[in-house]
Amino acid sequence: AKTDEDIGILMAHARDEWTAVAGQAAGRIEAPSLAEVLAGEDDYDWLIPNLLERHDRLILTGGEGAGKSTYVRQLAICAAAGIHPPTTRRVDPIRVLVIDAENSEKQWRRASRTIVTQARLMGSTDPAATLRLACVPRLDLTNERDVGAVHRLLDEHTPDLLVIGPLYRLIPRAITSDDDAAPLLTALDGLRARGIALVMEAHAGHASGETGQRNLRPRGSSALMGWPEFGLGLRLQNSDDGIVRADLVRW
């Protein structure tokens, strides 16, 4: 049948219909014995060994100028090149898709050339040839059209790791409440269900903790705090030499 609808929307609708049909066909919830559960395998499905497993969700936060975008960019390029980001040892390269809703292709060119050159020398694969990059003005993951477009990219490039964000650019309003966060997190979980890991960037809150240091938990709804498997933040160090340094800490 002919239609004017975008193919991404049609695919999203088809996927929803299939999920609904599959759920109806199952018709029941299974409850295996604990013995059967314990008999299963404990192996990790690592994408980046001892750092990121398939289906993991990581939110990286930090204050303004702390280097969030740089760190996420380095992580994506290293993973695509087959370099373990913190240790720099060689690992198996993975397929990486970056959907950047804040930075342009020109900004990526300026910021990535040196990193890519080093990654070519240190890794086993040229990340410039394997990492896929989509720079978009903004996304609304509460809108079926935009969600469908992202699913279409996943269908086309079958990544292991999706780097998407920053979070505040994935929804057309501030994420100030659980009601604001719920549809966004549902959409992101729908992407994660495709068998990928998610890495996202978010702004840290302005409040200070008991130590007087800035609280690195994500700004906005408290739902963002308990949702990811990992919450990491970049905390700026005091420096007198003009070089920006930051500690990577858990929040």
# chains A, B, ... in the order shown; residues from 1 in each chain; ligands from 1
call {"tool": "residues_around", "arguments": {"residues": "Gly226 (chain A)", "least_positions_apart": "6", "cutoff": "12 Å", "atoms": "only C-alpha atoms", "output": "number ranges by chain"}}
result
A: 57-59, 178, 181, 185, 217-218, 251
call {"tool": "write_last_selection", "arguments": {"atoms": "N, CA and C atoms", "output": "PDB file, in the first residue's frame"}}
result
ATOM      1  N   ARG A  57      23.526   1.073  30.963  1.00  0.00           N
ATOM      2  CA  ARG A  57      23.207   2.478  30.733  1.00  0.00           C
ATOM      3  C   ARG A  57      24.144   3.319  31.592  1.00  0.00           C
ATOM      4  N   LEU A  58      24.870   4.208  30.949  1.00  0.00           N
ATOM      5  CA  LEU A  58      25.825   5.067  31.652  1.00  0.00           C
ATOM      6  C   LEU A  58      25.478   6.525  31.390  1.00  0.00           C
ATOM      7  N   ILE A  59      25.334   7.298  32.455  1.00  0.00           N
ATOM      8  CA  ILE A  59      25.161   8.748  32.346  1.00  0.00           C
ATOM      9  C   ILE A  59      26.412   9.402  32.906  1.00  0.00           C
ATOM     10  N   ASP A 178       9.349  13.719  37.515  1.00  0.00           N
ATOM     11  CA  ASP A 178       9.285  12.338  37.052  1.00  0.00           C
ATOM     12  C   ASP A 178       8.373  12.213  35.832  1.00  0.00           C
ATOM     13  N   ALA A 181      10.444  13.052  32.906  1.00  0.00           N
ATOM     14  CA  ALA A 181      11.471  12.052  32.630  1.00  0.00           C
ATOM     15  C   ALA A 181      10.905  10.742  32.098  1.00  0.00           C
ATOM     16  N   LEU A 185      12.754   8.263  29.358  1.00  0.00           N
ATOM     17  CA  LEU A 185      13.419   7.040  29.808  1.00  0.00           C
ATOM     18  C   LEU A 185      12.786   5.809  29.168  1.00  0.00           C
ATOM     19  N   ARG A 217      25.192  14.645  40.642  1.00  0.00           N
ATOM     20  CA  ARG A 217      23.997  13.962  40.150  1.00  0.00           C
ATOM     21  C   ARG A 217      23.329  14.801  39.061  1.00  0.00           C
ATOM     22  N   PRO A 218      22.630  14.153  38.125  1.00  0.00           N
ATOM     23  CA  PRO A 218      22.049  14.898  36.995  1.00  0.00           C
ATOM     24  C   PRO A 218      21.068  15.969  37.452  1.00  0.00           C
ATOM     25  N   TRP A 251      28.627   9.038  41.174  1.00  0.00           N
ATOM     26  CA  TRP A 251      27.649   9.779  41.939  1.00  0.00           C
ATOM     27  C   TRP A 251      26.490   8.899  42.354  1.00  0.00           C
TER      28      TRP A 251
END
call {"tool": "select_by_dssp", "arguments": {"residues": "region 43-193 of chain A", "states": "strand (DSSP E or B)", "output": "PDB file with N, CA and C atoms, in the first residue's frame"}}
result
ATOM      1  N   TRP A  46      30.565  -8.510  27.892  1.00  0.00           N
ATOM      2  CA  TRP A  46      31.286  -7.247  27.872  1.00  0.00           C
ATOM      3  C   TRP A  46      31.378  -6.664  26.467  1.00  0.00           C
ATOM      4  N   LEU A  47      31.139  -5.371  26.369  1.00  0.00           N
ATOM      5  CA  LEU A  47      31.478  -4.625  25.163  1.00  0.00           C
ATOM      6  C   LEU A  47      32.840  -3.967  25.354  1.00  0.00           C
ATOM      7  N   ILE A  48      33.043  -3.368  26.528  1.00  0.00           N
ATOM      8  CA  ILE A  48      34.347  -2.862  26.941  1.00  0.00           C
ATOM      9  C   ILE A  48      34.675  -3.600  28.235  1.00  0.00           C
ATOM     10  N   LEU A  52      31.882  -1.811  30.527  1.00  0.00           N
ATOM     11  CA  LEU A  52      30.547  -1.616  29.965  1.00  0.00           C
ATOM     12  C   LEU A  52      30.069  -2.917  29.338  1.00  0.00           C
ATOM     13  N   GLU A  53      28.931  -3.398  29.830  1.00  0.00           N
ATOM     14  CA  GLU A  53      28.334  -4.631  29.339  1.00  0.00           C
ATOM     15  C   GLU A  53      27.147  -4.296  28.445  1.00  0.00           C
ATOM     16  N   ARG A  57      23.526   1.073  30.963  1.00  0.00           N
ATOM     17  CA  ARG A  57      23.207   2.478  30.733  1.00  0.00           C
ATOM     18  C   ARG A  57      24.144   3.319  31.592  1.00  0.00           C
ATOM     19  N   LEU A  58      24.870   4.208  30.949  1.00  0.00           N
ATOM     20  CA  LEU A  58      25.825   5.067  31.652  1.00  0.00           C
ATOM     21  C   LEU A  58      25.478   6.525  31.390  1.00  0.00           C
ATOM     22  N   ILE A  59      25.334   7.298  32.455  1.00  0.00           N
ATOM     23  CA  ILE A  59      25.161   8.748  32.346  1.00  0.00           C
ATOM     24  C   ILE A  59      26.412   9.402  32.906  1.00  0.00           C
ATOM     25  N   LEU A  60      27.038  10.260  32.098  1.00  0.00           N
ATOM     26  CA  LEU A  60      28.205  11.018  32.525  1.00  0.00           C
ATOM     27  C   LEU A  60      27.791  12.460  32.766  1.00  0.00           C
ATOM     28  N   THR A  61      28.128  12.979  33.934  1.00  0.00           N
ATOM     29  CA  THR A  61      27.762  14.354  34.283  1.00  0.00           C
ATOM     30  C   THR A  61      29.019  15.182  34.552  1.00  0.00           C
ATOM     31  N   GLY A  62      28.802  16.455  34.734  1.00  0.00           N
ATOM     32  CA  GLY A  62      29.886  17.358  35.080  1.00  0.00           C
ATOM     33  C   GLY A  62      29.409  18.788  34.965  1.00  0.00           C
ATOM     34  N   ILE A  83      40.352   0.067  21.631  1.00  0.00           N
ATOM     35  CA  ILE A  83      41.201   0.515  22.727  1.00  0.00           C
ATOM     36  C   ILE A  83      40.352   0.629  23.980  1.00  0.00           C
ATOM     37  N   ARG A  90      44.769  -2.844  24.189  1.00  0.00           N
ATOM     38  CA  ARG A  90      43.958  -3.269  23.053  1.00  0.00           C
ATOM     39  C   ARG A  90      42.872  -4.253  23.489  1.00  0.00           C
ATOM     40  N   VAL A  96      30.057   1.372  16.930  1.00  0.00           N
ATOM     41  CA  VAL A  96      29.602   2.520  17.708  1.00  0.00           C
ATOM     42  C   VAL A  96      28.805   3.463  16.818  1.00  0.00           C
ATOM     43  N   LEU A  97      27.649   3.875  17.301  1.00  0.00           N
ATOM     44  CA  LEU A  97      26.835   4.896  16.650  1.00  0.00           C
ATOM     45  C   LEU A  97      26.706   6.068  17.618  1.00  0.00           C
ATOM     46  N   VAL A  98      27.062   7.254  17.152  1.00  0.00           N
ATOM     47  CA  VAL A  98      26.933   8.469  17.950  1.00  0.00           C
ATOM     48  C   VAL A  98      25.827   9.324  17.344  1.00  0.00           C
ATOM     49  N   ILE A  99      24.840   9.679  18.154  1.00  0.00           N
ATOM     50  CA  ILE A  99      23.810  10.636  17.754  1.00  0.00           C
ATOM     51  C   ILE A  99      23.997  11.864  18.636  1.00  0.00           C
ATOM     52  N   ASP A 100      24.594  12.890  18.053  1.00  0.00           N
ATOM     53  CA  ASP A 100      24.963  14.096  18.796  1.00  0.00           C
ATOM     54  C   ASP A 100      23.940  15.187  18.504  1.00  0.00           C
ATOM     55  N   ARG A 132      30.018   5.510  13.340  1.00  0.00           N
ATOM     56  CA  ARG A 132      28.992   6.238  12.597  1.00  0.00           C
ATOM     57  C   ARG A 132      28.530   7.436  13.423  1.00  0.00           C
ATOM     58  N   LEU A 133      28.371   8.581  12.760  1.00  0.00           N
ATOM     59  CA  LEU A 133      28.057   9.821  13.454  1.00  0.00           C
ATOM     60  C   LEU A 133      26.868  10.512  12.804  1.00  0.00           C
ATOM     61  N   ALA A 134      25.854  10.813  13.606  1.00  0.00           N
ATOM     62  CA  ALA A 134      24.691  11.587  13.155  1.00  0.00           C
ATOM     63  C   ALA A 134      24.603  12.838  14.018  1.00  0.00           C
ATOM     64  N   CYS A 135      24.869  13.993  13.422  1.00  0.00           N
ATOM     65  CA  CYS A 135      24.723  15.267  14.121  1.00  0.00           C
ATOM     66  C   CYS A 135      23.367  15.851  13.761  1.00  0.00           C
ATOM     67  N   LEU A 161      27.150  -0.157  20.684  1.00  0.00           N
ATOM     68  CA  LEU A 161      27.104   0.955  21.637  1.00  0.00           C
ATOM     69  C   LEU A 161      26.468   2.163  20.961  1.00  0.00           C
ATOM     70  N   LEU A 162      25.478   2.741  21.635  1.00  0.00           N
ATOM     71  CA  LEU A 162      24.855   3.974  21.170  1.00  0.00           C
ATOM     72  C   LEU A 162      25.212   5.090  22.138  1.00  0.00           C
ATOM     73  N   VAL A 163      25.879   6.115  21.625  1.00  0.00           N
ATOM     74  CA  VAL A 163      26.167   7.327  22.388  1.00  0.00           C
ATOM     75  C   VAL A 163      25.187   8.384  21.909  1.00  0.00           C
ATOM     76  N   ILE A 164      24.320   8.845  22.797  1.00  0.00           N
ATOM     77  CA  ILE A 164      23.243   9.740  22.377  1.00  0.00           C
ATOM     78  C   ILE A 164      23.063  10.854  23.409  1.00  0.00           C
ATOM     79  N   GLY A 165      22.783  12.038  22.912  1.00  0.00           N
ATOM     80  CA  GLY A 165      22.536  13.128  23.856  1.00  0.00           C
ATOM     81  C   GLY A 165      23.176  14.425  23.412  1.00  0.00           C
TER      82      GLY A 165
END
call {"tool": "closest_residue", "arguments": {"among": "A:Val244, A:Ala31, A:Val116, A:Leu236", "to": "Gln213 (chain A)", "atoms": "only C-alpha atoms"}}
result
A:Leu236
call {"tool": "select_by_dssp", "arguments": {"residues": "region 25-220 of chain A", "states": "helix (DSSP H, G or I)", "output": "PyMOL selection string"}}
result
chain A and resi 25-26+34-38+68-81+105-122+127-130+144-157+167-169+178-192
call {"tool": "residues_around", "arguments": {"residues": "Thr176 (chain A)", "least_positions_apart": "4", "cutoff": "8 Å", "atoms": "only C-alpha atoms", "output": "list in words"}}
result
Asp180, Ala181, Gly220 and Ser221 of chain A
call {"tool": "closest_residue", "arguments": {"among": "A:Leu38, A:Ala174, A:Ala128, A:Met225", "to": "Arg113 (chain A)", "atoms": "only C-alpha atoms"}}
result
A:Ala128
call {"tool": "residues_around", "arguments": {"residues": "region 139-153 of chain A", "least_positions_apart": "4", "cutoff": "8 Å", "atoms": "only C-alpha atoms", "output": "ChimeraX atom specification"}}
result
/A:6,8-12,101,157-158,169-172,183-184,187-188,191
call {"tool": "write_last_selection", "arguments": {"atoms": "C-alpha atoms", "output": "tab-separated table (two decimals), in the first residue's frame"}}
result
chain	number	residue	atom	x	y	z
A	6	ASP	CA	8.21	8.25	6.93
A	8	GLY	CA	11.07	5.17	10.28
A	9	ILE	CA	7.60	5.79	11.70
A	10	LEU	CA	6.19	2.77	9.86
A	11	MET	CA	8.97	0.59	11.21
A	12	ALA	CA	8.34	1.85	14.73
A	101	ALA	CA	22.12	16.55	19.36
A	157	HIS	CA	24.14	0.26	11.34
A	158	THR	CA	23.52	-2.42	14.05
A	169	ARG	CA	18.52	17.89	23.94
A	170	LEU	CA	16.41	14.72	23.67
A	171	ILE	CA	13.19	16.29	24.97
A	172	PRO	CA	11.61	19.66	24.14
A	183	PRO	CA	8.48	9.17	28.47
A	184	LEU	CA	12.13	9.95	27.71
A	187	ALA	CA	12.03	5.66	24.78
A	188	LEU	CA	15.67	5.16	25.78
A	191	LEU	CA	16.48	1.58	22.25
call {"tool": "residues_around", "arguments": {"residues": "Glu64 (chain A)", "least_positions_apart": "5", "cutoff": "12 Å", "atoms": "only C-alpha atoms", "output": "list in words"}}
result
Ser69, Ala202, His203, Ala204, Gly205, His206, Arg214, Leu216, Gly233, Leu234, Arg235, Leu236, Val244 and Ala246 of chain A
call {"tool": "closest_residue", "arguments": {"among": "A:Pro228, A:Pro32, A:Pro86, A:Gly195", "to": "Arg54 (chain A)", "atoms": "only C-alpha atoms"}}
result
A:Gly195
call {"tool": "atom_distance", "arguments": {"atom1": "CA of Ile77 (chain A)", "atom2": "CA of Arg219 (chain A)"}}
result
26.6 Å
